[in-house]
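The structure under discussion appears below in the form of C-alpha cells.
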Amino acid sequence: MAFSNAANFQIDRSTFNDVQGNINCRIRNNHSRTYNHTVQGDQHINIHGERDMRGCVHSAMENYINTDAFHDSGARRDPSRCYPDTREEALETISHWVWHPSSYCLWLHGPAGTGKSAIAQTFAEKCHQDRTLGATYFFTRGLTSGPPRGPPPIFSTLAYQLMSVFPNLDEHLWAVIHADRTIFKRSLSAQLDRLIVQPFLRLVNKSTSVVVIIDGLDECDGDSIQGEIVRLILNLEQCSLPLLFLISGRLGPEIRRASKSSPRSSLLHLTLCGVLPCISSMEYVGVPHTSG
C-alpha cells in the first residue's frame, strides 16, 4: 500500500486505496453508513476501527472555536452566579419560557450591574443539570481564545457544542467542512447557515428543543457586529430549528436597530430593572430588580 505525500497515519481495520498522492477512505460506521473521504497530501487523519466522525469534526474545528466562551470554561474563573434565594422570579420566568415558549428568542436586559451575567450563568448550569442545555457563548473582555482576527467565532463555537446534544449532527457538519475547509473564514451569515441551519435541516430526529445562551453580547467588539449577530439570530424563526435562544446584554444602538426589524413573534423581552422604553414589534415582560 503506497501513501504518496501522506504522513502521521494511525489506521485500524479500514480500507484505503492509494490514488495519485491522495488517500480515498471508505469507512462504515455503527449505523451501517458508508463515508468516502479523501485525505490530501498535507493532511493527516487518525481512524480507530469504525468511523470516529465526531473526533474528525472536533479536530477540524478546534482551531476555529472559542473554548473560553463555554459556560464551564476554566478560563472564566469563578463566574458570577445568583446567590441562593435571589433572582428567583427572573429564573422562574425564563424556565417557564423554556417549557412553554411563545417565541424562540428571549432577551434578558437591563443596565450594567443588574445581574444579567449572573442569571445567564446560573440558568446555564441549571439547564446543564436538566439536560436542556444546547450551547453557550459568554462574551468576556480579555479572553481571546479562538481565531485572532475577524468576527467572533460564535456560530462555529455553538455548532461544536451542539454536536454533543444531537446525534448524527457531526455527520452533516463533516460534510460541510470536508466540502469547504475555509468555511470558518466565511462571513457570519455563511457560517450560521452552513454550520447550524443546513446541518439541522438535514437531521431526521431533532428531538426536543434545547437552550442556547449568549451572554454579554454588548461586550462584543464592534457595534455593527453586535447588530449583525442579532439580525441573523432573529431571522432564524422561519427555519424551525429545535433551538431556543436566551440572549443577555444591554440594548445598544445597533442592537436596538436590529431588533426593530425582527418579526413580531421572534423576540420576548425580560428586563431586570425598571421599565425601559418599549421597542416596536416586541412583546415585553418586566421583572422587578432584587438584590444579589
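A note on labels: chains of the C-alpha cells are A, B, ... as shown, every chain counts residues from 1, and ligands are counted from 1 in their shown order.
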Every residue of region 62-172 of chain A that DSSP places in helix (DSSP H, G or I), as a PyMOL selection string: chain A and resi 62-64+67-69+88-99+116-130+154-162+169-172
What does the distance between CA of Leu272 (chain A) and CA of Ser102 (chain A) come to in Å, to one decimal place? 19.9 Å
DSSP-assigned strand (DSSP E) members of region 157-276 of chain A, reported as a list in words: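 Taking region 157-276 of chain A and keeping strand (DSSP E) gives Val210, Val211, Val212, Ile213, Ile214, Asp215, Leu243, Leu244, Phe245, Leu246, Ile247, Ser248, Leu267, Leu268, His269, Leu270 and Thr271 of chain A.
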Next, write the just-selected residues to a file, as a PDB file, in the first residue's frame, keeping N, CA and C atoms as the atom set.
ATOM      1  N   VAL A 210     -33.589  22.599  22.726  1.00  0.00           N
ATOM      2  CA  VAL A 210     -32.608  22.870  23.765  1.00  0.00           C
ATOM      3  C   VAL A 210     -32.328  24.372  23.789  1.00  0.00           C
ATOM      4  N   VAL A 211     -31.682  24.820  24.865  1.00  0.00           N
ATOM      5  CA  VAL A 211     -31.447  26.242  25.075  1.00  0.00           C
ATOM      6  C   VAL A 211     -30.033  26.612  24.651  1.00  0.00           C
ATOM      7  N   VAL A 212     -29.919  27.687  23.882  1.00  0.00           N
ATOM      8  CA  VAL A 212     -28.635  28.263  23.513  1.00  0.00           C
ATOM      9  C   VAL A 212     -28.538  29.616  24.211  1.00  0.00           C
ATOM     10  N   ILE A 213     -27.512  29.789  25.027  1.00  0.00           N
ATOM     11  CA  ILE A 213     -27.371  31.003  25.830  1.00  0.00           C
ATOM     12  C   ILE A 213     -26.198  31.835  25.321  1.00  0.00           C
ATOM     13  N   ILE A 214     -26.485  33.083  24.997  1.00  0.00           N
ATOM     14  CA  ILE A 214     -25.449  34.029  24.561  1.00  0.00           C
ATOM     15  C   ILE A 214     -25.466  35.185  25.551  1.00  0.00           C
ATOM     16  N   ASP A 215     -24.380  35.353  26.285  1.00  0.00           N
ATOM     17  CA  ASP A 215     -24.336  36.384  27.330  1.00  0.00           C
ATOM     18  C   ASP A 215     -23.321  37.464  26.985  1.00  0.00           C
ATOM     19  N   LEU A 243     -34.063  24.982  18.628  1.00  0.00           N
ATOM     20  CA  LEU A 243     -33.203  25.798  19.469  1.00  0.00           C
ATOM     21  C   LEU A 243     -33.987  26.975  20.036  1.00  0.00           C
ATOM     22  N   LEU A 244     -33.801  27.240  21.323  1.00  0.00           N
ATOM     23  CA  LEU A 244     -34.354  28.414  21.978  1.00  0.00           C
ATOM     24  C   LEU A 244     -33.180  29.296  22.399  1.00  0.00           C
ATOM     25  N   PHE A 245     -33.189  30.554  21.989  1.00  0.00           N
ATOM     26  CA  PHE A 245     -32.065  31.449  22.250  1.00  0.00           C
ATOM     27  C   PHE A 245     -32.375  32.379  23.413  1.00  0.00           C
ATOM     28  N   LEU A 246     -31.554  32.303  24.446  1.00  0.00           N
ATOM     29  CA  LEU A 246     -31.585  33.266  25.543  1.00  0.00           C
ATOM     30  C   LEU A 246     -30.380  34.183  25.370  1.00  0.00           C
ATOM     31  N   ILE A 247     -30.634  35.458  25.098  1.00  0.00           N
ATOM     32  CA  ILE A 247     -29.569  36.424  24.860  1.00  0.00           C
ATOM     33  C   ILE A 247     -29.577  37.435  25.995  1.00  0.00           C
ATOM     34  N   SER A 248     -28.403  37.713  26.531  1.00  0.00           N
ATOM     35  CA  SER A 248     -28.284  38.641  27.649  1.00  0.00           C
ATOM     36  C   SER A 248     -27.330  39.765  27.286  1.00  0.00           C
ATOM     37  N   LEU A 267     -39.198  37.721  19.254  1.00  0.00           N
ATOM     38  CA  LEU A 267     -38.459  38.136  20.438  1.00  0.00           C
ATOM     39  C   LEU A 267     -39.376  38.521  21.595  1.00  0.00           C
ATOM     40  N   LEU A 268     -39.030  38.002  22.765  1.00  0.00           N
ATOM     41  CA  LEU A 268     -39.644  38.420  24.020  1.00  0.00           C
ATOM     42  C   LEU A 268     -38.609  39.186  24.825  1.00  0.00           C
ATOM     43  N   HIS A 269     -39.076  40.119  25.656  1.00  0.00           N
ATOM     44  CA  HIS A 269     -38.181  40.919  26.486  1.00  0.00           C
ATOM     45  C   HIS A 269     -38.339  40.543  27.947  1.00  0.00           C
ATOM     46  N   LEU A 270     -37.227  40.522  28.670  1.00  0.00           N
ATOM     47  CA  LEU A 270     -37.241  40.372  30.121  1.00  0.00           C
ATOM     48  C   LEU A 270     -36.255  41.384  30.685  1.00  0.00           C
ATOM     49  N   THR A 271     -36.769  42.376  31.412  1.00  0.00           N
ATOM     50  CA  THR A 271     -35.890  43.412  31.943  1.00  0.00           C
ATOM     51  C   THR A 271     -35.701  43.214  33.437  1.00  0.00           C
TER      52      THR A 271
END
Select, from A:Asp85, A:Glu254, A:Asp193, A:Asp68, the residue with the minimum atom-to-atom distance to Cys239 (chain A), counting only C-alpha atoms.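 For Cys239 (chain A), the nearest of the candidates is A:Asp193.
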Using only C-alpha atoms, determine which residues lie at most 10 Å from Arg257 (chain A), disregarding the query and same-chain residues fewer than 6 positions distant; provide the list as JSON, numbers by chain. {"A": [227, 230, 231, 251, 279]}
Each residue of region 134-233 of chain A with at least one atom at most 12 Å from region 111-119 of chain A should appear once, together with its nearest atom pair and the corresponding distance in Å (one decimal); atoms considered: only C-alpha atoms; ordering: chain, then increasing residue number; output as CSV.
residue,atom,partner,partner_atom,distance
A:Tyr137,CA,A:Ser117,CA,11.4
A:Phe138,CA,A:Ser117,CA,8.5
A:Phe139,CA,A:Ser117,CA,9.8
A:Thr140,CA,A:Ser117,CA,10.2
A:Ile213,CA,A:Ser117,CA,10.5
A:Ile214,CA,A:Ser117,CA,9.7
A:Asp215,CA,A:Ser117,CA,6.3
A:Gly216,CA,A:Ser117,CA,7.0
A:Leu217,CA,A:Ser117,CA,10.5
A:Asp218,CA,A:Ala112,CA,10.5
A:Glu219,CA,A:Ala112,CA,11.3
Which value, in Å to one decimal, gives the distance between CA of Val165 (chain A) and CA of Leu195 (chain A)?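 So the two atoms, CA of Val165 (chain A) and CA of Leu195 (chain A), lie 14.9 Å apart.
For the choices A:Thr136, A:Gln129, A:Ser209, A:Thr86, the atom-to-atom distance to Ile154 (chain A) is smallest for A:Thr136 when using only C-alpha atoms.
Counting from CA of Leu162 (chain A), the distance to CA of Thr208 (chain A) is 13.0 Å.
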Measuring between only C-alpha atoms, which one of A:Pro79, A:Arg186, A:Leu234, A:Pro242 shows the shortest distance to Trp107 (chain A)?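 Among A:Pro79, A:Arg186, A:Leu234, A:Pro242, it is A:Leu234 that comes nearest to Trp107 (chain A).
Using only C-alpha atoms, the smallest distance between any of A:Ile225, A:Leu173, A:Leu188, A:Ile233 and Arg202 (chain A) comes from A:Leu173.
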Spatial neighbours of Ala60 (chain A), max dist 10 Å, only C-alpha atoms, sep filter under 3 positions, as a list of chain:residue names: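 Answer for this query is A:Arg54, A:Gly55, A:Cys56, A:Val57, A:Asn63, A:Tyr64, A:Trp174, A:Ile177, A:His178, A:Arg181.
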Could you give me, as a PDB file with N, CA, C and O atoms, in the first residue's frame, the residues within 12 Å of Gln191 (chain A), counting only C-alpha atoms and dropping anything in the same chain fewer than 4 positions from it?
ATOM      1  N   TYR A  64     -10.885  26.856  15.438  1.00  0.00           N
ATOM      2  CA  TYR A  64     -11.828  27.870  14.977  1.00  0.00           C
ATOM      3  C   TYR A  64     -12.997  28.061  15.932  1.00  0.00           C
ATOM      4  O   TYR A  64     -14.063  28.519  15.522  1.00  0.00           O
ATOM      5  N   PRO A 151     -14.548  38.478  12.831  1.00  0.00           N
ATOM      6  CA  PRO A 151     -15.648  38.443  13.790  1.00  0.00           C
ATOM      7  C   PRO A 151     -15.473  37.298  14.785  1.00  0.00           C
ATOM      8  O   PRO A 151     -14.706  36.362  14.530  1.00  0.00           O
ATOM      9  N   PRO A 152     -16.165  37.351  15.912  1.00  0.00           N
ATOM     10  CA  PRO A 152     -16.029  36.271  16.895  1.00  0.00           C
ATOM     11  C   PRO A 152     -16.518  34.943  16.320  1.00  0.00           C
ATOM     12  O   PRO A 152     -17.471  34.924  15.538  1.00  0.00           O
ATOM     13  N   PRO A 153     -15.898  33.833  16.709  1.00  0.00           N
ATOM     14  CA  PRO A 153     -16.291  32.529  16.171  1.00  0.00           C
ATOM     15  C   PRO A 153     -17.532  31.983  16.871  1.00  0.00           C
ATOM     16  O   PRO A 153     -17.555  30.830  17.306  1.00  0.00           O
ATOM     17  N   ILE A 154     -18.555  32.793  16.948  1.00  0.00           N
ATOM     18  CA  ILE A 154     -19.709  32.437  17.756  1.00  0.00           C
ATOM     19  C   ILE A 154     -20.467  31.240  17.189  1.00  0.00           C
ATOM     20  O   ILE A 154     -20.834  30.312  17.919  1.00  0.00           O
ATOM     21  N   PHE A 155     -20.695  31.214  15.890  1.00  0.00           N
ATOM     22  CA  PHE A 155     -21.537  30.152  15.335  1.00  0.00           C
ATOM     23  C   PHE A 155     -20.785  28.827  15.209  1.00  0.00           C
ATOM     24  O   PHE A 155     -21.378  27.762  15.389  1.00  0.00           O
ATOM     25  N   SER A 156     -19.492  28.881  14.946  1.00  0.00           N
ATOM     26  CA  SER A 156     -18.714  27.639  14.953  1.00  0.00           C
ATOM     27  C   SER A 156     -18.623  27.073  16.366  1.00  0.00           C
ATOM     28  O   SER A 156     -18.684  25.857  16.567  1.00  0.00           O
ATOM     29  N   THR A 157     -18.506  27.955  17.367  1.00  0.00           N
ATOM     30  CA  THR A 157     -18.437  27.512  18.764  1.00  0.00           C
ATOM     31  C   THR A 157     -19.756  26.892  19.207  1.00  0.00           C
ATOM     32  O   THR A 157     -19.778  25.867  19.904  1.00  0.00           O
ATOM     33  N   LEU A 158     -20.871  27.480  18.806  1.00  0.00           N
ATOM     34  CA  LEU A 158     -22.177  26.915  19.146  1.00  0.00           C
ATOM     35  C   LEU A 158     -22.373  25.569  18.452  1.00  0.00           C
ATOM     36  O   LEU A 158     -22.844  24.600  19.067  1.00  0.00           O
ATOM     37  N   ALA A 159     -22.019  25.489  17.171  1.00  0.00           N
ATOM     38  CA  ALA A 159     -22.169  24.237  16.425  1.00  0.00           C
ATOM     39  C   ALA A 159     -21.338  23.131  17.056  1.00  0.00           C
ATOM     40  O   ALA A 159     -21.771  21.976  17.148  1.00  0.00           O
ATOM     41  N   LEU A 173     -22.116  18.106   9.752  1.00  0.00           N
ATOM     42  CA  LEU A 173     -21.062  19.107   9.885  1.00  0.00           C
ATOM     43  C   LEU A 173     -19.810  18.674   9.132  1.00  0.00           C
ATOM     44  O   LEU A 173     -19.149  19.493   8.490  1.00  0.00           O
ATOM     45  N   VAL A 176     -20.049  19.471   5.514  1.00  0.00           N
ATOM     46  CA  VAL A 176     -19.831  20.894   5.239  1.00  0.00           C
ATOM     47  C   VAL A 176     -18.342  21.225   5.270  1.00  0.00           C
ATOM     48  O   VAL A 176     -17.809  21.877   4.367  1.00  0.00           O
ATOM     49  N   ILE A 177     -17.658  20.761   6.314  1.00  0.00           N
ATOM     50  CA  ILE A 177     -16.240  21.083   6.482  1.00  0.00           C
ATOM     51  C   ILE A 177     -15.409  20.433   5.376  1.00  0.00           C
ATOM     52  O   ILE A 177     -14.485  21.038   4.822  1.00  0.00           O
ATOM     53  N   ASP A 180     -15.718  22.392   2.185  1.00  0.00           N
ATOM     54  CA  ASP A 180     -15.116  23.725   2.167  1.00  0.00           C
ATOM     55  C   ASP A 180     -14.328  23.944   3.457  1.00  0.00           C
ATOM     56  O   ASP A 180     -14.896  24.287   4.491  1.00  0.00           O
ATOM     57  N   ARG A 181     -13.031  23.735   3.380  1.00  0.00           N
ATOM     58  CA  ARG A 181     -12.176  23.892   4.561  1.00  0.00           C
ATOM     59  C   ARG A 181     -12.046  25.349   4.984  1.00  0.00           C
ATOM     60  O   ARG A 181     -11.533  25.641   6.069  1.00  0.00           O
ATOM     61  N   THR A 182     -12.488  26.278   4.171  1.00  0.00           N
ATOM     62  CA  THR A 182     -12.401  27.698   4.512  1.00  0.00           C
ATOM     63  C   THR A 182     -13.692  28.228   5.122  1.00  0.00           C
ATOM     64  O   THR A 182     -13.833  29.441   5.293  1.00  0.00           O
ATOM     65  N   ILE A 183     -14.623  27.360   5.443  1.00  0.00           N
ATOM     66  CA  ILE A 183     -15.914  27.806   5.960  1.00  0.00           C
ATOM     67  C   ILE A 183     -15.756  28.677   7.203  1.00  0.00           C
ATOM     68  O   ILE A 183     -16.506  29.616   7.417  1.00  0.00           O
ATOM     69  N   PHE A 184     -14.724  28.394   8.013  1.00  0.00           N
ATOM     70  CA  PHE A 184     -14.541  29.143   9.254  1.00  0.00           C
ATOM     71  C   PHE A 184     -14.016  30.548   9.017  1.00  0.00           C
ATOM     72  O   PHE A 184     -13.943  31.344   9.957  1.00  0.00           O
ATOM     73  N   LYS A 185     -13.654  30.862   7.789  1.00  0.00           N
ATOM     74  CA  LYS A 185     -13.199  32.208   7.442  1.00  0.00           C
ATOM     75  C   LYS A 185     -14.253  32.951   6.635  1.00  0.00           C
ATOM     76  O   LYS A 185     -13.999  34.056   6.150  1.00  0.00           O
ATOM     77  N   ARG A 186     -15.420  32.355   6.498  1.00  0.00           N
ATOM     78  CA  ARG A 186     -16.510  32.994   5.763  1.00  0.00           C
ATOM     79  C   ARG A 186     -17.230  34.011   6.659  1.00  0.00           C
ATOM     80  O   ARG A 186     -16.937  34.142   7.846  1.00  0.00           O
ATOM     81  N   SER A 187     -18.207  34.688   6.091  1.00  0.00           N
ATOM     82  CA  SER A 187     -18.980  35.680   6.844  1.00  0.00           C
ATOM     83  C   SER A 187     -19.783  34.998   7.938  1.00  0.00           C
ATOM     84  O   SER A 187     -20.011  33.776   7.914  1.00  0.00           O
ATOM     85  N   LEU A 195     -23.085  25.933   9.105  1.00  0.00           N
ATOM     86  CA  LEU A 195     -22.659  25.166  10.268  1.00  0.00           C
ATOM     87  C   LEU A 195     -23.801  24.832  11.213  1.00  0.00           C
ATOM     88  O   LEU A 195     -23.677  23.911  12.026  1.00  0.00           O
ATOM     89  N   ILE A 196     -24.908  25.575  11.126  1.00  0.00           N
ATOM     90  CA  ILE A 196     -26.026  25.314  12.035  1.00  0.00           C
ATOM     91  C   ILE A 196     -27.316  25.042  11.267  1.00  0.00           C
ATOM     92  O   ILE A 196     -27.926  23.984  11.422  1.00  0.00           O
ATOM     93  N   VAL A 197     -27.741  25.977  10.443  1.00  0.00           N
ATOM     94  CA  VAL A 197     -29.047  25.832   9.789  1.00  0.00           C
ATOM     95  C   VAL A 197     -29.094  24.602   8.890  1.00  0.00           C
ATOM     96  O   VAL A 197     -29.970  23.727   9.057  1.00  0.00           O
ATOM     97  N   GLN A 198     -28.192  24.499   7.929  1.00  0.00           N
ATOM     98  CA  GLN A 198     -28.243  23.388   6.976  1.00  0.00           C
ATOM     99  C   GLN A 198     -28.048  22.028   7.642  1.00  0.00           C
ATOM    100  O   GLN A 198     -28.790  21.085   7.332  1.00  0.00           O
ATOM    101  N   PRO A 199     -27.082  21.858   8.548  1.00  0.00           N
ATOM    102  CA  PRO A 199     -26.976  20.565   9.232  1.00  0.00           C
ATOM    103  C   PRO A 199     -28.231  20.182  10.002  1.00  0.00           C
ATOM    104  O   PRO A 199     -28.643  19.020   9.987  1.00  0.00           O
ATOM    105  N   ILE A 229     -25.161  39.974  14.485  1.00  0.00           N
ATOM    106  CA  ILE A 229     -25.460  38.725  15.197  1.00  0.00           C
ATOM    107  C   ILE A 229     -26.932  38.683  15.584  1.00  0.00           C
ATOM    108  O   ILE A 229     -27.611  37.659  15.429  1.00  0.00           O
ATOM    109  N   LEU A 232     -29.156  38.095  12.460  1.00  0.00           N
ATOM    110  CA  LEU A 232     -29.062  36.719  11.968  1.00  0.00           C
ATOM    111  C   LEU A 232     -29.856  35.758  12.838  1.00  0.00           C
ATOM    112  O   LEU A 232     -30.568  34.879  12.343  1.00  0.00           O
TER     113      LEU A 232
END
